[in-house]
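Have a look at run_10.cif below; it lists mmCIF, C-alpha atoms.
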data_final
#
loop_
_atom_site.label_atom_id
_atom_site.label_comp_id
_atom_site.auth_asym_id
_atom_site.auth_seq_id
_atom_site.Cartn_x
_atom_site.Cartn_y
_atom_site.Cartn_z
CA MET A 4 -2.52 -5.21 -14.83
CA GLU A 5 -5.45 -2.89 -15.48
CA ASP A 6 -6.90 -3.45 -12.02
CA THR A 7 -3.68 -2.70 -10.15
CA LEU A 8 -2.81 0.28 -12.34
CA GLN A 9 -6.22 1.65 -11.29
CA GLY A 10 -5.37 1.02 -7.64
CA LYS A 11 -7.73 -1.92 -7.20
CA GLY A 12 -6.54 -4.57 -4.77
CA THR A 13 -8.05 -7.30 -2.64
CA PHE A 14 -7.70 -5.63 0.79
CA THR A 15 -6.53 -2.37 2.37
CA ALA A 16 -4.45 -1.28 5.34
CA SER A 17 -3.36 2.09 6.72
CA GLN A 18 0.28 1.07 6.72
CA LEU A 19 2.97 -0.42 4.51
CA LEU A 20 2.99 -4.15 5.24
CA ASN A 21 5.70 -6.79 5.27
CA GLN A 22 5.64 -8.46 1.85
CA LYS A 23 6.69 -11.82 3.24
CA ASN A 24 3.75 -11.89 5.66
CA VAL A 25 1.21 -10.80 3.06
CA THR A 26 2.25 -13.18 0.28
CA ALA A 27 2.88 -16.11 2.66
CA GLY A 28 4.98 -17.81 -0.01
CA ALA A 29 2.22 -17.69 -2.65
CA SER A 30 4.06 -15.29 -4.96
CA ASP A 31 7.23 -13.23 -5.42
CA TYR A 32 5.07 -10.22 -6.35
CA LEU A 33 3.13 -7.79 -4.17
CA TRP A 34 1.32 -4.65 -5.32
CA TYR A 35 1.21 -1.62 -3.02
CA MET A 36 -1.33 0.98 -4.28
CA THR A 37 -2.68 4.26 -2.97
CA GLU A 38 -4.62 7.32 -4.14
CA VAL A 39 -3.29 10.84 -3.82
CA VAL A 40 -5.74 13.73 -4.23
CA LEU A 41 -3.93 16.84 -5.41
CA ASN A 42 -5.57 20.22 -5.02
CA ASP A 43 -2.43 22.38 -5.07
CA THR A 44 -0.78 21.69 -8.42
CA GLY A 45 1.57 24.61 -7.95
CA LEU A 46 3.33 22.90 -5.07
CA TRP A 47 3.18 19.23 -6.11
CA GLU A 48 2.75 19.06 -9.89
CA THR A 49 6.44 18.18 -10.29
CA THR A 50 7.88 16.37 -7.33
CA ARG A 51 10.25 13.62 -6.30
CA LEU A 52 8.82 10.27 -5.32
CA GLN A 53 10.95 8.56 -2.69
CA VAL A 54 10.39 4.91 -1.79
CA ASN A 55 12.43 2.97 0.74
CA THR A 56 12.27 -0.77 0.00
CA THR A 57 13.92 -3.92 1.30
CA GLY A 58 12.93 -5.88 -1.81
CA HIS A 59 15.07 -6.84 -4.79
CA VAL A 60 13.08 -5.06 -7.52
CA LEU A 61 10.64 -2.17 -7.61
CA HIS A 62 8.41 -1.23 -10.56
CA ILE A 63 6.88 2.26 -10.31
CA PHE A 64 3.63 3.30 -12.01
CA VAL A 65 1.87 6.68 -11.70
CA ASN A 66 -1.63 7.08 -13.13
CA GLY A 67 -1.24 3.87 -15.12
CA ASN A 68 2.05 4.92 -16.69
CA TRP A 69 5.27 3.04 -16.08
CA MET A 70 7.83 5.42 -14.60
CA ASP A 71 10.83 3.23 -13.85
CA THR A 72 12.24 -0.06 -12.60
CA GLN A 73 15.09 -0.28 -10.12
CA THR A 74 16.88 -3.24 -8.58
CA SER A 75 19.24 -4.10 -5.78
CA THR A 76 21.37 -7.25 -5.70
CA VAL A 77 20.39 -10.79 -4.80
CA ASN A 78 22.64 -10.94 -1.75
CA ASP A 79 22.01 -7.39 -0.56
CA PRO A 80 18.35 -6.49 -1.12
CA GLY A 81 17.04 -3.03 -0.39
CA PHE A 82 17.51 0.46 -1.82
CA ILE A 83 15.92 3.91 -1.97
CA TYR A 84 14.11 4.92 -5.14
CA ASP A 85 14.24 8.70 -5.58
CA GLU A 86 13.15 10.13 -8.94
CA GLN A 87 11.02 12.87 -10.46
CA VAL A 88 7.35 12.19 -11.20
CA SER A 89 4.53 14.34 -12.56
CA LEU A 90 1.15 14.55 -10.85
CA LYS A 91 -2.16 15.94 -12.08
CA HIS A 92 -4.90 17.93 -10.43
CA GLY A 93 -7.40 15.64 -8.72
CA THR A 94 -6.89 11.94 -8.01
CA ASN A 95 -3.55 10.29 -8.75
CA ILE A 96 -2.98 6.54 -8.53
CA ILE A 97 0.41 5.35 -7.26
CA SER A 98 1.05 1.65 -7.97
CA LEU A 99 4.25 0.08 -6.70
CA LEU A 100 5.11 -3.53 -7.56
CA SER A 101 7.62 -5.07 -5.19
CA VAL A 102 9.48 -8.22 -6.27
CA THR A 103 11.61 -10.52 -4.17
CA PHE A 104 14.04 -13.31 -5.10
CA GLY A 105 13.74 -15.64 -2.17
CA LYS A 106 15.46 -15.42 1.20
CA PRO A 107 18.80 -13.72 1.99
CA ASN A 108 21.94 -15.78 1.51
CA CYS A 109 24.59 -16.32 4.17
CA SER A 110 22.66 -14.70 7.00
CA GLY A 111 21.10 -16.03 10.15
CA PHE A 112 17.39 -16.12 11.01
CA PRO A 113 16.04 -15.26 7.52
CA GLU A 114 12.48 -15.67 8.82
CA THR A 115 12.95 -12.54 10.94
CA LYS A 116 13.94 -10.28 8.04
CA GLU A 117 11.23 -8.05 6.63
CA THR A 118 10.80 -7.63 2.88
CA GLY A 119 9.11 -5.29 0.43
CA ILE A 120 8.13 -1.69 1.17
CA VAL A 121 7.35 -2.55 4.79
CA GLY A 122 7.19 0.65 6.85
CA GLY A 123 8.49 2.74 3.97
CA PRO A 124 8.71 5.56 4.08
CA VAL A 125 6.99 6.46 0.82
CA LYS A 126 6.83 10.21 0.31
CA PHE A 127 6.72 13.11 -2.08
CA ILE A 128 9.38 15.80 -1.77
CA SER A 129 8.36 19.13 -3.31
CA ASN A 130 10.62 20.67 -5.94
CA LYS A 131 9.23 24.16 -5.33
CA LEU A 132 9.42 24.45 -1.58
CA ALA A 133 12.53 23.11 0.08
CA ASP A 134 12.06 20.49 2.81
CA THR A 135 8.31 20.20 2.12
CA VAL A 136 7.44 16.51 2.42
CA TRP A 137 4.16 14.67 1.91
CA ASP A 138 4.48 11.35 3.72
CA LEU A 139 2.22 8.62 2.30
CA SER A 140 3.34 5.85 4.65
CA LYS A 141 0.20 6.00 6.81
CA SER A 142 -2.19 6.50 3.91
CA THR A 143 -4.76 3.87 2.96
CA TRP A 144 -2.91 1.31 0.87
CA SER A 145 -4.55 -1.31 -1.29
CA TYR A 146 -2.81 -4.66 -1.77
CA LYS A 147 -2.81 -7.47 -4.29
CA VAL A 148 -0.66 -10.59 -4.30
CA GLY A 149 0.72 -11.91 -7.59
CA MET A 150 0.26 -11.20 -11.28
CA ASN A 151 -2.97 -11.65 -13.23
CA GLY A 152 -1.30 -13.57 -16.04
CA MET A 153 0.07 -16.17 -13.67
CA ALA A 154 -3.24 -16.49 -11.85
CA ARG A 155 -4.96 -17.03 -15.21
CA LYS A 156 -2.23 -19.50 -16.26
CA PHE A 157 -1.16 -17.75 -19.45
CA TYR A 158 1.77 -20.16 -19.41
CA ASP A 159 -0.36 -23.30 -19.72
CA PRO A 160 -1.34 -24.19 -23.32
CA LYS A 161 -4.03 -26.54 -21.98
CA THR A 162 -5.83 -23.75 -20.12
CA THR A 163 -8.61 -21.75 -21.76
CA ASN A 164 -7.83 -18.37 -20.30
CA GLY A 165 -9.31 -15.95 -22.82
CA VAL A 166 -6.04 -14.13 -23.44
CA GLN A 167 -5.69 -12.45 -26.81
CA TRP A 168 -2.19 -13.03 -28.16
CA LYS A 169 -0.99 -10.42 -30.67
CA THR A 170 1.02 -11.59 -33.64
CA ASN A 171 2.43 -8.23 -34.69
CA ASP A 172 2.89 -4.64 -33.48
CA PHE A 173 3.50 -5.72 -29.91
CA PRO A 174 5.74 -3.77 -27.50
CA LEU A 175 9.40 -4.59 -26.97
CA GLY A 176 9.94 -2.03 -24.24
CA GLY A 177 8.32 -1.52 -20.88
CA PRO A 178 7.63 -4.11 -18.21
CA MET A 179 5.32 -7.11 -17.83
CA ASN A 180 5.20 -8.57 -21.33
CA TRP A 181 4.11 -12.14 -22.08
CA TYR A 182 5.49 -13.90 -25.18
CA LYS A 183 4.45 -17.21 -26.67
CA THR A 184 5.75 -19.33 -29.53
CA THR A 185 6.16 -22.96 -30.58
CA PHE A 186 9.26 -25.00 -31.40
CA LYS A 187 10.05 -28.53 -32.50
CA THR A 188 11.86 -30.92 -30.18
CA PRO A 189 15.55 -31.10 -31.14
CA ASN A 190 16.64 -34.47 -32.46
CA GLY A 191 18.81 -36.83 -30.47
CA THR A 192 19.32 -37.30 -26.76
CA ASN A 193 21.66 -34.40 -25.95
CA PRO A 194 20.49 -31.91 -23.30
CA VAL A 195 18.20 -29.12 -24.52
CA VAL A 196 18.58 -25.49 -23.45
CA LEU A 197 16.84 -22.17 -23.88
CA ASP A 198 19.15 -19.38 -25.00
CA LEU A 199 17.47 -16.25 -23.63
CA THR A 200 19.77 -13.72 -25.27
CA GLY A 201 18.07 -10.35 -25.67
CA LEU A 202 15.75 -10.62 -22.68
CA ALA A 203 16.15 -9.01 -19.28
CA GLY A 204 14.49 -11.06 -16.58
CA GLY A 205 11.35 -13.02 -15.83
CA LYS A 206 10.02 -16.57 -15.93
CA ALA A 207 9.86 -19.29 -18.58
CA TRP A 208 7.56 -22.28 -19.18
CA VAL A 209 7.68 -25.11 -21.71
CA ASN A 210 4.39 -26.95 -22.26
CA GLY A 211 3.13 -25.42 -19.02
CA GLN A 212 6.13 -26.70 -17.01
CA SER A 213 8.21 -24.07 -15.24
CA ILE A 214 11.82 -23.72 -16.35
CA GLY A 215 12.33 -21.22 -13.54
CA ARG A 216 13.20 -17.57 -13.19
CA TYR A 217 15.82 -15.96 -15.41
CA TRP A 218 17.54 -12.67 -14.73
CA LEU A 219 20.13 -11.63 -17.29
CA TRP A 220 19.95 -7.91 -16.45
CA VAL A 221 21.95 -6.61 -13.45
CA PHE A 222 22.00 -9.78 -11.35
CA SER A 223 23.61 -12.00 -14.00
CA ARG A 224 26.69 -11.06 -16.00
CA ALA A 225 28.28 -14.38 -16.96
CA PRO A 226 27.45 -15.42 -20.57
CA SER A 227 26.69 -18.96 -19.43
CA GLU A 228 23.76 -17.69 -17.42
CA ARG A 229 21.78 -16.97 -20.55
CA PHE A 230 21.26 -20.75 -20.98
CA TYR A 231 18.52 -22.61 -19.10
CA GLU A 232 18.09 -26.35 -19.36
CA VAL A 233 14.79 -27.79 -20.55
CA PRO A 234 14.37 -31.39 -19.32
CA ARG A 235 13.55 -33.66 -22.23
CA SER A 236 10.77 -35.11 -20.08
CA PHE A 237 9.00 -31.74 -20.51
CA LEU A 238 9.06 -32.02 -24.31
CA ASN A 239 6.52 -33.50 -26.67
CA ASN A 240 7.47 -35.78 -29.54
CA ASP A 241 7.04 -32.98 -32.06
CA VAL A 242 5.80 -29.43 -31.30
CA ASN A 243 6.17 -27.62 -27.97
CA THR A 244 4.87 -24.34 -26.54
CA LEU A 245 7.28 -21.84 -24.99
CA VAL A 246 5.88 -18.98 -22.86
CA LEU A 247 8.00 -16.20 -21.40
CA PHE A 248 7.04 -13.54 -18.87
CA ASP A 249 9.61 -10.77 -19.38
CA GLU A 250 9.38 -8.64 -16.29
CA PRO A 251 11.50 -5.45 -16.49
CA GLY A 252 11.30 -5.08 -20.28
CA PHE A 253 14.88 -3.87 -20.64
CA GLY A 254 16.01 -6.55 -23.07
CA SER A 255 18.08 -5.37 -25.99
CA HIS A 256 16.12 -7.11 -28.75
CA GLY A 257 13.00 -8.43 -27.09
CA PRO A 258 12.34 -12.14 -27.69
CA PHE A 259 13.62 -12.31 -31.27
CA ASN A 260 17.05 -13.71 -30.41
CA VAL A 261 15.70 -16.40 -28.12
CA SER A 262 16.39 -19.91 -29.37
CA VAL A 263 16.02 -23.56 -28.39
CA GLN A 264 18.94 -25.85 -29.05
CA ALA A 265 20.56 -29.15 -28.18
CA VAL A 266 24.05 -29.10 -26.70
CA PRO A 267 26.98 -29.45 -27.02
CA ASP A 268 26.78 -29.00 -30.80
CA ARG A 269 25.36 -25.48 -31.12
CA SER A 270 25.65 -25.50 -34.92
CA LYS A 271 22.64 -27.81 -35.22
CA ASN A 272 19.05 -27.78 -34.02
CA PHE A 273 19.13 -23.99 -33.78
CA LYS A 274 15.74 -22.33 -34.19
CA LYS A 275 14.91 -18.65 -34.33
CA TRP A 276 11.26 -17.99 -33.56
CA ASN A 277 8.40 -15.66 -34.33
CA PRO A 278 6.66 -14.80 -31.06
CA SER A 279 3.23 -13.48 -30.23
CA CYS A 280 2.67 -11.23 -27.24
CA SER A 281 0.28 -10.25 -24.48
CA SER A 282 0.94 -7.42 -22.02
#

Once more with this new file: its structure as structure tokens, please.
Amino acid sequence: MEDTLQGKGTFTASQLLNQKNVTAGASDYLWYMTEVVLNDTGLWETTRLQVNTTGHVLHIFVNGNWMDTQTSTVNDPGFIYDEQVSLKHGTNIISLLSVTFGKPNCSGFPETKETGIVGGPVKFISNKLADTVWDLSKSTWSYKVGMNGMARKFYDPKTTNGVQWKTNDFPLGGPMNWYKTTFKTPNGTNPVVLDLTGLAGGKAWVNGQSIGRYWLWVFSRAPSERFYEVPRSFLNNDVNTLVLFDEPGFGSHGPFNVSVQAVPDRSKNFKKWNPSCSS
């Protein structure tokens, strides 16, 4: 994420664009980035950042630091982020990562519905002078589609991608963490599942094959939704590679309670794992 946290995208526009049009189905993720030059620290050093989005999830970064993550619901996307941020004298980098979860349910003409931070507004609201607003909606915005780790195929054990996986002292909090481990194929012919207890939301791969997106935090409350089936056709005869991209980083225990097991007998073939990490 170093490039996007520094405000570096692949193209620019002087408006906040429709995420669906920009990504064109290539990714659920779109970065919106802009620079703010602050000369008057007295007025804007502490301010509220307000972002109006029609997406499902918004990750907020200021000067490379993660500020917050907020979500809506799957069936009713869109919300207003409004929280305090601190700015510095000189150039400040605002990086907003918008995430969508597909098209709206139970509504007509989904192709006409805009997504992401399209139109905004995105603005600062001064804490020191009432009703003083700095509207960033028409600023020069830099854009980038997708996540670097997915573009570099961190999830594929057959790909030489140059990623350095840490085996200890890796973060359990904060967003955008990649975890990797190995597990042995459970014996028998019963269905195999991932138990993703302790994680928040993201994507999972086994041997480079996508298991899909998981979202245990906010969107999913039923205990059964922590289990995700792994087709036995994805598994090797012996050792397999599991890769997780944990997006919001709000899991209660990180990846350490994740397990792979055969069902219905949960007392057997239960494996705790020791992950490595890349963020």

Nearby residues (all atoms listed in the file) at most 8 Å from A:Phe64, same-chain spacing under 4 positions excluded, as a PyMOL selection string:
chain A and resi 8+68-71+97-99

Which residue is closest to A:Met179? Choose from A:Thr200, A:Asn151, A:Thr143, A:Asn21 and count all atoms listed in the file.
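Between A:Thr200, A:Asn151, A:Thr143, A:Asn21, the residue approaching A:Met179 most closely is A:Asn151.
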
Coordinates-based distance that separates atom CA of A:Pro251 from atom CA of A:Leu41 (Å, one decimal):
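Distance reported for this atom pair: 29.3 Å.
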
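If you look at atom CA of A:Phe157 and atom CA of A:Val196, they are 21.6 Å away from each other.
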
If the PyMOL selection byres ((chain A and resi 147) around 7) is run on the structure shown, which residues does it catch, given as an mmCIF file with C-alpha atoms, in the coordinates of the input?
data_model
loop_
_atom_site.group_PDB
_atom_site.id
_atom_site.type_symbol
_atom_site.label_atom_id
_atom_site.label_comp_id
_atom_site.auth_asym_id
_atom_site.auth_seq_id
_atom_site.Cartn_x
_atom_site.Cartn_y
_atom_site.Cartn_z
ATOM 1 C CA GLY A 12 -6.540 -4.570 -4.770
ATOM 2 C CA THR A 13 -8.050 -7.300 -2.640
ATOM 3 C CA LEU A 33 3.130 -7.790 -4.170
ATOM 4 C CA TRP A 34 1.320 -4.650 -5.320
ATOM 5 C CA TYR A 146 -2.810 -4.660 -1.770
ATOM 6 C CA VAL A 148 -0.660 -10.590 -4.300
ATOM 7 C CA GLY A 149 0.720 -11.910 -7.590
#

Between atom CA of A:Gly45 and atom CA of A:Ser129, what is the spacing in Å?
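Computing the Euclidean distance for atom CA of A:Ser129 and atom CA of A:Gly45 yields 9.9 Å.
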
Nearest to A:Val209 among A:Val39, A:Val242, A:Ala154, A:Val136, with distances taken over all atoms listed in the file: which residue is it?
A:Val242

Spell out the residues picked by the PyMOL selection byres ((chain A and resi 199) around 9) here, as a compact mmCIF listing (two decimals) with C-alpha atoms, in the coordinates of the input.
# COMPACT_ATOMS: atom_id res chain seq x y z
CA LEU A 197 16.84 -22.17 -23.88
CA ASP A 198 19.15 -19.38 -25.00
CA THR A 200 19.77 -13.72 -25.27
CA GLY A 201 18.07 -10.35 -25.67
CA LEU A 202 15.75 -10.62 -22.68
CA ALA A 203 16.15 -9.01 -19.28
CA TYR A 217 15.82 -15.96 -15.41
CA LEU A 219 20.13 -11.63 -17.29
CA GLU A 228 23.76 -17.69 -17.42
CA ARG A 229 21.78 -16.97 -20.55
CA PHE A 230 21.26 -20.75 -20.98
CA TYR A 231 18.52 -22.61 -19.10
CA PRO A 258 12.34 -12.14 -27.69
CA ASN A 260 17.05 -13.71 -30.41
CA VAL A 261 15.70 -16.40 -28.12
CA SER A 262 16.39 -19.91 -29.37
CA VAL A 263 16.02 -23.56 -28.39

Which is closer to A:Lys187 than all the others in A:Met150, A:Lys141, A:Asn239, A:Ile214, using only C-alpha atoms?
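Ranked by minimum distance to A:Lys187, first place goes to A:Asn239.
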
Non-local contacts of stretch 48-56 of chain A (10 Å; all atoms listed in the file; under 2 positions in same chain excluded) as a ChimeraX atom specification:
/A:41-46,58-61,63,75,80-92,97,99,101,117-131,136-140

For the residues in the current selection, export C-alpha atoms as a PDB file, in the frame of the given file.
ATOM      1  CA  LEU A  41      -3.930  16.840  -5.410  1.00  0.00           C
ATOM      2  CA  ASN A  42      -5.570  20.220  -5.020  1.00  0.00           C
ATOM      3  CA  ASP A  43      -2.430  22.380  -5.070  1.00  0.00           C
ATOM      4  CA  THR A  44      -0.780  21.690  -8.420  1.00  0.00           C
ATOM      5  CA  GLY A  45       1.570  24.610  -7.950  1.00  0.00           C
ATOM      6  CA  LEU A  46       3.330  22.900  -5.070  1.00  0.00           C
ATOM      7  CA  GLY A  58      12.930  -5.880  -1.810  1.00  0.00           C
ATOM      8  CA  HIS A  59      15.070  -6.840  -4.790  1.00  0.00           C
ATOM      9  CA  VAL A  60      13.080  -5.060  -7.520  1.00  0.00           C
ATOM     10  CA  LEU A  61      10.640  -2.170  -7.610  1.00  0.00           C
ATOM     11  CA  ILE A  63       6.880   2.260 -10.310  1.00  0.00           C
ATOM     12  CA  SER A  75      19.240  -4.100  -5.780  1.00  0.00           C
ATOM     13  CA  PRO A  80      18.350  -6.490  -1.120  1.00  0.00           C
ATOM     14  CA  GLY A  81      17.040  -3.030  -0.390  1.00  0.00           C
ATOM     15  CA  PHE A  82      17.510   0.460  -1.820  1.00  0.00           C
ATOM     16  CA  ILE A  83      15.920   3.910  -1.970  1.00  0.00           C
ATOM     17  CA  TYR A  84      14.110   4.920  -5.140  1.00  0.00           C
ATOM     18  CA  ASP A  85      14.240   8.700  -5.580  1.00  0.00           C
ATOM     19  CA  GLU A  86      13.150  10.130  -8.940  1.00  0.00           C
ATOM     20  CA  GLN A  87      11.020  12.870 -10.460  1.00  0.00           C
ATOM     21  CA  VAL A  88       7.350  12.190 -11.200  1.00  0.00           C
ATOM     22  CA  SER A  89       4.530  14.340 -12.560  1.00  0.00           C
ATOM     23  CA  LEU A  90       1.150  14.550 -10.850  1.00  0.00           C
ATOM     24  CA  LYS A  91      -2.160  15.940 -12.080  1.00  0.00           C
ATOM     25  CA  HIS A  92      -4.900  17.930 -10.430  1.00  0.00           C
ATOM     26  CA  ILE A  97       0.410   5.350  -7.260  1.00  0.00           C
ATOM     27  CA  LEU A  99       4.250   0.080  -6.700  1.00  0.00           C
ATOM     28  CA  SER A 101       7.620  -5.070  -5.190  1.00  0.00           C
ATOM     29  CA  GLU A 117      11.230  -8.050   6.630  1.00  0.00           C
ATOM     30  CA  THR A 118      10.800  -7.630   2.880  1.00  0.00           C
ATOM     31  CA  GLY A 119       9.110  -5.290   0.430  1.00  0.00           C
ATOM     32  CA  ILE A 120       8.130  -1.690   1.170  1.00  0.00           C
ATOM     33  CA  VAL A 121       7.350  -2.550   4.790  1.00  0.00           C
ATOM     34  CA  GLY A 122       7.190   0.650   6.850  1.00  0.00           C
ATOM     35  CA  GLY A 123       8.490   2.740   3.970  1.00  0.00           C
ATOM     36  CA  PRO A 124       8.710   5.560   4.080  1.00  0.00           C
ATOM     37  CA  VAL A 125       6.990   6.460   0.820  1.00  0.00           C
ATOM     38  CA  LYS A 126       6.830  10.210   0.310  1.00  0.00           C
ATOM     39  CA  PHE A 127       6.720  13.110  -2.080  1.00  0.00           C
ATOM     40  CA  ILE A 128       9.380  15.800  -1.770  1.00  0.00           C
ATOM     41  CA  SER A 129       8.360  19.130  -3.310  1.00  0.00           C
ATOM     42  CA  ASN A 130      10.620  20.670  -5.940  1.00  0.00           C
ATOM     43  CA  LYS A 131       9.230  24.160  -5.330  1.00  0.00           C
ATOM     44  CA  VAL A 136       7.440  16.510   2.420  1.00  0.00           C
ATOM     45  CA  TRP A 137       4.160  14.670   1.910  1.00  0.00           C
ATOM     46  CA  ASP A 138       4.480  11.350   3.720  1.00  0.00           C
ATOM     47  CA  LEU A 139       2.220   8.620   2.300  1.00  0.00           C
ATOM     48  CA  SER A 140       3.340   5.850   4.650  1.00  0.00           C
TER      49      SER A 140
END

Residues within 9 Å of A:Trp144, only C-alpha atoms, excluding chain neighbours under 6 positions, as number ranges by chain
A: 10, 12, 14-19, 35-38

Give the answer as one residue: which of A:Ser142, A:Ala133, A:Trp47, A:Thr26 has the shortest atom-to-atom distance to A:Thr103, using only C-alpha atoms?
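Checking each of A:Ser142, A:Ala133, A:Trp47, A:Thr26 against A:Thr103, counting only C-alpha atoms, the winner is A:Thr26.
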